[in-house]
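Have a look at data.txt below; it lists compact mmCIF, C-alpha atoms.
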```
# COMPACT_ATOMS: atom_id res chain seq x y z
CA MET A 1 81.55 222.03 -167.09
CA THR A 2 80.06 219.73 -169.70
CA LEU A 3 80.49 221.00 -173.23
CA ALA A 4 77.40 221.18 -175.39
CA LYS A 5 77.12 218.54 -178.10
CA ARG A 6 77.27 220.18 -181.51
CA ILE A 7 74.98 219.58 -184.50
CA ILE A 8 76.78 220.23 -187.78
CA PRO A 9 75.12 220.12 -191.22
CA CYS A 10 77.50 219.17 -194.01
CA LEU A 11 77.50 220.72 -197.46
CA ASP A 12 79.15 218.31 -199.90
CA VAL A 13 79.79 220.54 -202.90
CA ALA A 14 80.57 219.50 -206.48
CA GLY A 15 80.29 221.75 -209.50
CA GLY A 16 79.06 224.61 -207.32
CA ARG A 17 76.04 222.67 -206.02
CA VAL A 18 75.35 220.72 -202.85
CA VAL A 19 75.09 217.02 -203.70
CA LYS A 20 74.35 213.89 -201.73
CA GLY A 21 74.45 210.20 -202.55
CA VAL A 22 74.97 206.86 -200.85
CA ASN A 23 78.57 205.81 -200.12
CA PHE A 24 79.66 208.84 -202.20
CA VAL A 25 78.10 207.56 -205.44
CA ASN A 26 74.80 208.19 -207.29
CA LEU A 27 74.94 211.85 -206.30
CA VAL A 28 71.76 213.91 -206.54
CA ASP A 29 71.39 217.68 -206.38
CA ALA A 30 70.46 218.99 -202.93
CA GLY A 31 70.51 222.72 -203.56
CA ASP A 32 72.56 225.89 -203.57
CA PRO A 33 75.33 225.93 -200.93
CA VAL A 34 74.91 229.60 -200.04
CA GLU A 35 71.13 229.28 -199.60
CA LEU A 36 71.45 226.09 -197.55
CA ALA A 37 74.14 227.62 -195.35
CA LYS A 38 71.90 230.60 -194.59
CA ARG A 39 68.97 228.30 -193.78
CA TYR A 40 70.98 226.09 -191.46
CA GLY A 41 72.38 229.10 -189.63
CA GLU A 42 68.83 230.32 -189.04
CA GLU A 43 67.69 226.86 -187.94
CA GLY A 44 70.24 226.73 -185.12
CA ALA A 45 73.20 224.77 -186.47
CA ASP A 46 76.19 225.03 -184.14
CA GLU A 47 78.72 224.87 -186.96
CA LEU A 48 78.76 224.26 -190.69
CA THR A 49 81.09 222.04 -192.70
CA PHE A 50 81.72 222.74 -196.39
CA LEU A 51 83.48 219.93 -198.28
CA ASP A 52 84.47 220.40 -201.91
CA ILE A 53 84.26 216.67 -202.59
CA SER A 54 85.60 216.78 -206.14
CA ALA A 55 88.62 219.02 -205.49
CA SER A 56 91.09 216.23 -204.66
CA VAL A 57 89.80 213.98 -207.44
CA GLU A 58 90.08 216.80 -209.98
CA GLU A 59 93.41 217.93 -208.46
CA ARG A 60 92.33 221.52 -207.95
CA LYS A 61 91.88 223.88 -205.04
CA THR A 62 88.65 224.57 -203.16
CA THR A 63 86.23 226.97 -204.83
CA ILE A 64 87.13 230.12 -202.89
CA GLU A 65 84.31 232.28 -204.23
CA ILE A 66 81.60 229.90 -202.97
CA VAL A 67 83.36 229.67 -199.60
CA ARG A 68 83.43 233.46 -199.33
CA GLN A 69 79.74 233.77 -200.24
CA THR A 70 78.84 231.01 -197.77
CA ALA A 71 80.84 232.65 -194.96
CA GLU A 72 78.97 235.90 -195.54
CA GLN A 73 75.67 234.12 -194.82
CA VAL A 74 76.55 232.36 -191.57
CA PHE A 75 77.59 233.59 -188.15
CA ILE A 76 78.69 230.21 -186.80
CA PRO A 77 82.05 228.44 -187.21
CA LEU A 78 82.64 227.31 -190.80
CA THR A 79 84.96 224.41 -191.57
CA VAL A 80 86.13 224.05 -195.17
CA GLY A 81 87.79 221.05 -196.78
CA GLY A 82 88.75 219.74 -200.19
CA GLY A 83 91.92 220.25 -202.21
CA ILE A 84 94.00 221.77 -199.39
CA ARG A 85 97.68 220.99 -200.00
CA SER A 86 99.67 223.76 -198.30
CA THR A 87 99.66 226.33 -195.52
CA ASP A 88 99.08 228.98 -198.18
CA ASP A 89 95.86 227.20 -199.17
CA VAL A 90 94.82 227.30 -195.51
CA ASN A 91 95.70 230.98 -195.23
CA ASN A 92 93.63 231.77 -198.31
CA LEU A 93 90.58 229.96 -196.90
CA LEU A 94 90.89 231.60 -193.48
CA ARG A 95 91.12 235.02 -195.15
CA ASN A 96 87.94 234.26 -197.13
CA GLY A 97 85.78 233.32 -194.16
CA ALA A 98 86.71 229.81 -193.03
CA ASP A 99 87.22 229.35 -189.28
CA LYS A 100 88.68 225.85 -189.56
CA VAL A 101 90.02 223.66 -192.34
CA SER A 102 89.60 219.95 -192.92
CA ILE A 103 92.35 217.91 -194.57
CA ASN A 104 92.40 214.30 -195.71
CA THR A 105 94.01 213.16 -198.97
CA ALA A 106 96.95 215.60 -198.89
CA ALA A 107 97.78 214.73 -195.27
CA ILE A 108 97.97 211.03 -196.10
CA ALA A 109 100.24 211.76 -199.05
CA ARG A 110 102.43 214.03 -196.91
CA PRO A 111 101.78 213.81 -193.14
CA GLU A 112 104.16 216.72 -192.47
CA LEU A 113 101.38 218.99 -193.76
CA ILE A 114 99.63 218.47 -190.41
CA ASN A 115 102.65 219.79 -188.50
CA GLU A 116 103.04 222.74 -190.87
CA ILE A 117 99.42 223.86 -190.53
CA ALA A 118 99.31 223.35 -186.75
CA ASP A 119 102.60 225.21 -186.29
CA ARG A 120 101.51 228.17 -188.41
CA PHE A 121 97.87 228.54 -187.38
CA GLY A 122 97.38 226.46 -184.20
CA ASN A 123 95.66 223.10 -183.89
CA GLN A 124 92.28 224.72 -183.15
CA VAL A 125 91.88 225.43 -186.88
CA LEU A 126 92.82 221.95 -188.05
CA VAL A 127 90.34 219.11 -188.52
CA LEU A 128 91.50 215.73 -189.81
CA SER A 129 88.86 214.18 -192.02
CA VAL A 130 89.07 210.39 -191.78
CA ASP A 131 87.04 208.57 -194.44
CA ALA A 132 87.19 205.06 -193.00
CA ARG A 133 85.62 201.76 -193.95
CA ARG A 134 85.79 198.15 -192.79
CA GLY A 135 89.03 196.65 -194.02
CA ARG A 136 91.82 194.17 -193.43
CA THR A 137 93.86 196.25 -191.00
CA PRO A 138 94.77 195.54 -187.36
CA SER A 139 91.81 197.58 -186.07
CA GLY A 140 89.45 196.41 -188.81
CA PHE A 141 89.10 199.95 -190.18
CA GLU A 142 90.94 201.26 -193.24
CA VAL A 143 91.47 204.86 -194.33
CA THR A 144 90.33 205.81 -197.84
CA THR A 145 91.14 208.86 -199.99
CA HIS A 146 89.72 210.80 -202.92
CA GLY A 147 86.19 210.89 -201.56
CA GLY A 148 86.23 207.23 -200.57
CA ARG A 149 87.27 206.08 -204.03
CA GLN A 150 90.73 204.76 -203.14
CA GLY A 151 91.83 202.40 -200.39
CA THR A 152 95.16 202.99 -198.63
CA GLU A 153 95.69 199.86 -196.47
CA ILE A 154 96.39 202.38 -193.65
CA ASP A 155 94.90 201.44 -190.30
CA ALA A 156 92.42 204.15 -189.31
CA LEU A 157 93.21 204.07 -185.58
CA ALA A 158 96.96 204.19 -186.13
CA TRP A 159 96.47 207.13 -188.51
CA VAL A 160 94.32 209.03 -186.00
CA GLU A 161 96.91 208.52 -183.25
CA ALA A 162 99.75 209.69 -185.51
CA ALA A 163 97.78 212.72 -186.69
CA ILE A 164 96.93 213.80 -183.13
CA THR A 165 100.62 213.59 -182.23
CA ARG A 166 101.38 215.82 -185.23
CA GLY A 167 98.86 218.43 -184.14
CA VAL A 168 95.29 218.01 -185.41
CA GLY A 169 92.71 219.55 -183.10
CA GLU A 170 89.66 217.53 -184.07
CA ILE A 171 88.73 214.33 -185.92
CA LEU A 172 85.92 214.24 -188.49
CA LEU A 173 85.21 210.52 -188.54
CA ASN A 174 83.19 209.56 -191.59
CA SER A 175 82.01 206.01 -192.08
CA MET A 176 82.18 205.27 -195.79
CA ASP A 177 80.10 202.13 -195.24
CA ALA A 178 77.28 204.08 -193.57
CA ASP A 179 77.52 207.30 -195.60
CA GLY A 180 74.12 208.36 -196.96
CA THR A 181 72.43 205.10 -195.94
CA ARG A 182 70.44 206.58 -193.02
CA ALA A 183 70.99 203.23 -191.30
CA GLY A 184 72.76 204.72 -188.29
CA TYR A 185 76.26 205.92 -187.45
CA ASP A 186 79.03 203.30 -187.21
CA ILE A 187 78.89 202.96 -183.43
CA GLU A 188 81.71 200.42 -183.24
CA MET A 189 84.06 202.69 -185.18
CA ILE A 190 83.19 205.77 -183.09
CA ALA A 191 83.86 203.84 -179.87
CA ALA A 192 87.16 202.49 -181.20
CA VAL A 193 88.42 205.96 -182.14
CA ARG A 194 87.12 207.46 -178.88
CA ALA A 195 89.25 204.98 -176.95
CA ILE A 196 92.46 206.33 -178.48
CA SER A 197 91.61 209.97 -179.23
CA SER A 198 92.49 212.87 -176.94
CA VAL A 199 90.75 215.39 -179.22
CA PRO A 200 87.05 215.90 -180.03
CA ILE A 201 85.38 213.53 -182.50
CA ILE A 202 82.76 214.60 -185.03
CA ALA A 203 80.74 211.54 -186.06
CA SER A 204 79.64 211.44 -189.70
CA GLY A 205 77.88 209.00 -191.99
CA GLY A 206 74.58 207.22 -191.50
CA ALA A 207 72.30 209.59 -189.58
CA GLY A 208 68.70 208.50 -190.01
CA ALA A 209 66.37 207.98 -187.04
CA MET A 210 66.46 210.34 -184.07
CA ASN A 211 67.89 207.60 -181.89
CA ASP A 212 70.93 207.38 -184.20
CA PHE A 213 72.12 210.77 -182.90
CA ALA A 214 71.87 209.65 -179.27
CA LEU A 215 73.64 206.36 -179.96
CA ALA A 216 76.56 208.18 -181.57
CA LEU A 217 76.91 210.47 -178.56
CA ASN A 218 76.78 207.44 -176.25
CA ALA A 219 79.62 205.89 -178.25
CA GLY A 220 81.81 208.92 -177.61
CA ALA A 221 81.10 211.52 -180.29
CA ASP A 222 81.43 215.17 -179.28
CA ALA A 223 79.59 216.47 -182.33
CA LEU A 224 77.23 215.03 -184.92
CA LEU A 225 77.51 215.78 -188.61
CA ALA A 226 74.68 214.98 -190.99
CA ALA A 227 73.74 215.85 -194.55
CA SER A 228 70.90 214.08 -196.32
CA VAL A 229 68.48 214.02 -193.36
CA PHE A 230 68.75 217.82 -193.19
CA HIS A 231 68.96 218.56 -196.93
CA PHE A 232 65.87 216.50 -197.76
CA GLY A 233 63.76 217.50 -194.77
CA VAL A 234 63.76 214.22 -192.85
CA HIS A 235 64.69 216.13 -189.68
CA LYS A 236 65.18 219.75 -188.77
CA ILE A 237 68.12 220.80 -186.62
CA GLY A 238 65.83 222.14 -183.91
CA GLU A 239 63.99 218.81 -183.72
CA VAL A 240 67.24 216.92 -183.22
CA LYS A 241 68.34 219.32 -180.50
CA ARG A 242 65.02 219.10 -178.67
CA TYR A 243 65.16 215.31 -178.82
CA LEU A 244 68.71 215.19 -177.47
CA ALA A 245 67.89 217.70 -174.72
CA ALA A 246 64.93 215.55 -173.67
CA GLU A 247 67.29 212.57 -173.54
CA GLY A 248 69.58 214.47 -171.18
CA TYR A 249 72.33 215.60 -173.54
CA PRO A 250 73.67 219.17 -173.24
CA VAL A 251 72.90 221.09 -176.44
CA ARG A 252 72.69 224.77 -177.37
CA GLN A 253 69.07 225.66 -178.04
```
As structure tokens:
Amino acid sequence: MTLAKRIIPCLDVAGGRVVKGVNFVNLVDAGDPVELAKRYGEEGADELTFLDISASVEERKTTIEIVRQTAEQVFIPLTVGGGIRSTDDVNNLLRNGADKVSINTAAIARPELINEIADRFGNQVLVLSVDARRGRTPSGFEVTTHGGRQGTEIDALAWVEAAITRGVGEILLNSMDADGTRAGYDIEMIAAVRAISSVPIIASGGAGAMNDFALALNAGADALLAASVFHFGVHKIGEVKRYLAAEGYPVRQ
């Protein structure tokens, strides 16, 4: 059985508002997270991702109250990330409506966190967010942290392989070079990670034209995450699904 390809809007939240920029800078207000979550649920999103993008930078935990309010509005899987540093943080989010959690900065600082979360909750709740950009590493892709602000000199493919071994259930692969540009997903990077990944890949960063979604699936993505094209009305989720269905991709209508 072929699994349906998932369409996942992303709510990048800072200061209690959804924001969106280009390459994580020049952020502009895109609306209220609770209202947007409700709208996307009604429009047919398969899942929703909520990223508190300033939590790691400000060294604080995810805004639980907004997560709880968002979870009350949607009846689809909700992934929450930002500022998660312990299994207790994960437990708190799951108790307040999250179905999955996404970790990035804290896992790079202490990779054992992956094992701890997977052992306690199962790998089906654990998404590794990989904010990668072109860099001088063996694969040509470098992992960044703190919302793309800091380089690590860690090879993105080696990191993905190590994280899968430790127990992550899914990879959220975000191209920092393409983020917010609407110039297309980083097809080369998706294909490179697909070649070494035994878990599903969510492609993120660069969605613009309808064909961009199909190209990312062709490269090996299992799900497609997008933000600005949905927030600012460039495309509706239903339109993307109808396009992909017409192109022969299995999607949930």
Please report, as a tab-separated table, each residue of range 64-126 of chain A lying at most 12 Å from range 154-178 of chain A, together with the nearest pair of atoms and the separation in Å rounded to one decimal; use all atoms listed in the file, and order rows by chain and ascending residue number.
```
residue	atom	partner	partner_atom	distance
A:Thr79	CA	A:Leu172	CA	10.7
A:Val80	CA	A:Leu172	CA	11.9
A:Gly81	CA	A:Leu172	CA	10.9
A:Lys100	CA	A:Gly169	CA	9.9
A:Val101	CA	A:Glu170	CA	10.3
A:Ser102	CA	A:Leu172	CA	8.1
A:Ile103	CA	A:Leu172	CA	9.6
A:Asn104	CA	A:Leu172	CA	9.7
A:Ala107	CA	A:Ala163	CA	8.8
A:Ile108	CA	A:Trp159	CA	8.7
A:Ala109	CA	A:Ile154	CA	11.5
A:Arg110	CA	A:Ala163	CA	11.3
A:Pro111	CA	A:Ala163	CA	7.7
A:Glu112	CA	A:Arg166	CA	7.8
A:Leu113	CA	A:Arg166	CA	9.1
A:Ile114	CA	A:Arg166	CA	6.1
A:Asn115	CA	A:Arg166	CA	5.3
A:Glu116	CA	A:Gly167	CA	9.0
A:Ile117	CA	A:Gly167	CA	8.4
A:Ala118	CA	A:Gly167	CA	5.6
A:Asp119	CA	A:Gly167	CA	8.0
A:Arg120	CA	A:Gly167	CA	11.0
A:Phe121	CA	A:Gly167	CA	10.7
A:Gly122	CA	A:Gly167	CA	8.2
A:Asn123	CA	A:Gly169	CA	4.7
A:Gln124	CA	A:Gly169	CA	5.2
A:Val125	CA	A:Gly169	CA	7.0
A:Leu126	CA	A:Val168	CA	5.3
```
For range 249-252 of chain A, take all atoms listed in the file, fit an axis-aligned box around them, add 6 Å to each of the six sides, then output centre and edge lengths in Å rounded to one decimal, as JSON.
```
{"center_x": 73.0, "center_y": 220.2, "center_z": -175.3, "size_x": 13.3, "size_y": 21.2, "size_z": 16.1}
```
| task | List the neighbours of range 204-208 of chain A out to 10 Å using all atoms listed in the file; skip same-chain residues closer than 6 positions along the sequence, and give me the result as number ranges by chain. | result | A: 8-10, 22-23, 129-131, 172-186, 190, 216, 221, 223-230, 234-235
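Restricting the calculation to only C-alpha atoms, the smallest distance between Leu27 in chain A and any of A:Ile53, A:Glu153, A:Pro77, A:Ile7 is found for A:Ile53.
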| task | Grab the CA of Asn92 in chain A to CA of Phe75 in chain A distance for me, in Å with one decimal place. | result | 19.1 Å
| task | Kindly extract all protein, DNA and RNA residues lying within 8 Å of the coordinates (80.3, 230.5, -200.7) given in the file, considering only C-alpha atoms, and supply them as a list in words. | result | Pro33, Val34, Ile64, Glu65, Ile66, Val67, Arg68, Gln69, Thr70, Ala71 and Glu72 of chain A
Distance query 12 Å from (73.5, 206.8, -176.7) using all atoms listed in the file, result as a short mmCIF file (atom, residue, chain, number, x, y, z; two decimals) with C-alpha atoms, in the frame of the given file:
```
data_model
loop_
_atom_site.label_atom_id
_atom_site.label_comp_id
_atom_site.auth_asym_id
_atom_site.auth_seq_id
_atom_site.Cartn_x
_atom_site.Cartn_y
_atom_site.Cartn_z
CA GLY A 184 72.76 204.72 -188.29
CA TYR A 185 76.26 205.92 -187.45
CA ILE A 187 78.89 202.96 -183.43
CA ILE A 190 83.19 205.77 -183.09
CA ALA A 191 83.86 203.84 -179.87
CA MET A 210 66.46 210.34 -184.07
CA ASN A 211 67.89 207.60 -181.89
CA ASP A 212 70.93 207.38 -184.20
CA PHE A 213 72.12 210.77 -182.90
CA ALA A 214 71.87 209.65 -179.27
CA LEU A 215 73.64 206.36 -179.96
CA ALA A 216 76.56 208.18 -181.57
CA LEU A 217 76.91 210.47 -178.56
CA ASN A 218 76.78 207.44 -176.25
CA ALA A 219 79.62 205.89 -178.25
CA GLY A 220 81.81 208.92 -177.61
CA ALA A 221 81.10 211.52 -180.29
CA ASP A 222 81.43 215.17 -179.28
CA LEU A 244 68.71 215.19 -177.47
CA GLU A 247 67.29 212.57 -173.54
CA GLY A 248 69.58 214.47 -171.18
CA TYR A 249 72.33 215.60 -173.54
#
```
| query | So what do you get for CA of Val251 in chain A versus CA of Val18 in chain A, distance-wise? | reply | 26.5 Å
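Interatomic distance, CA of Glu188 in chain A against CA of Val240 in chain A: 21.9 Å.
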| said: My list of candidates is A:Ala4, A:Ala132, A:Lys236, A:Gly82. Which is closest to Arg39 in chain A when distances are computed with all atoms listed in the file? | reply: A:Lys236
| query | Gly41 in chain A: which residues within 8 Å, counting all atoms listed in the file, same-chain residues fewer than 5 positions away excluded, as a ChimeraX atom specification? | reply | /A:46,73-76
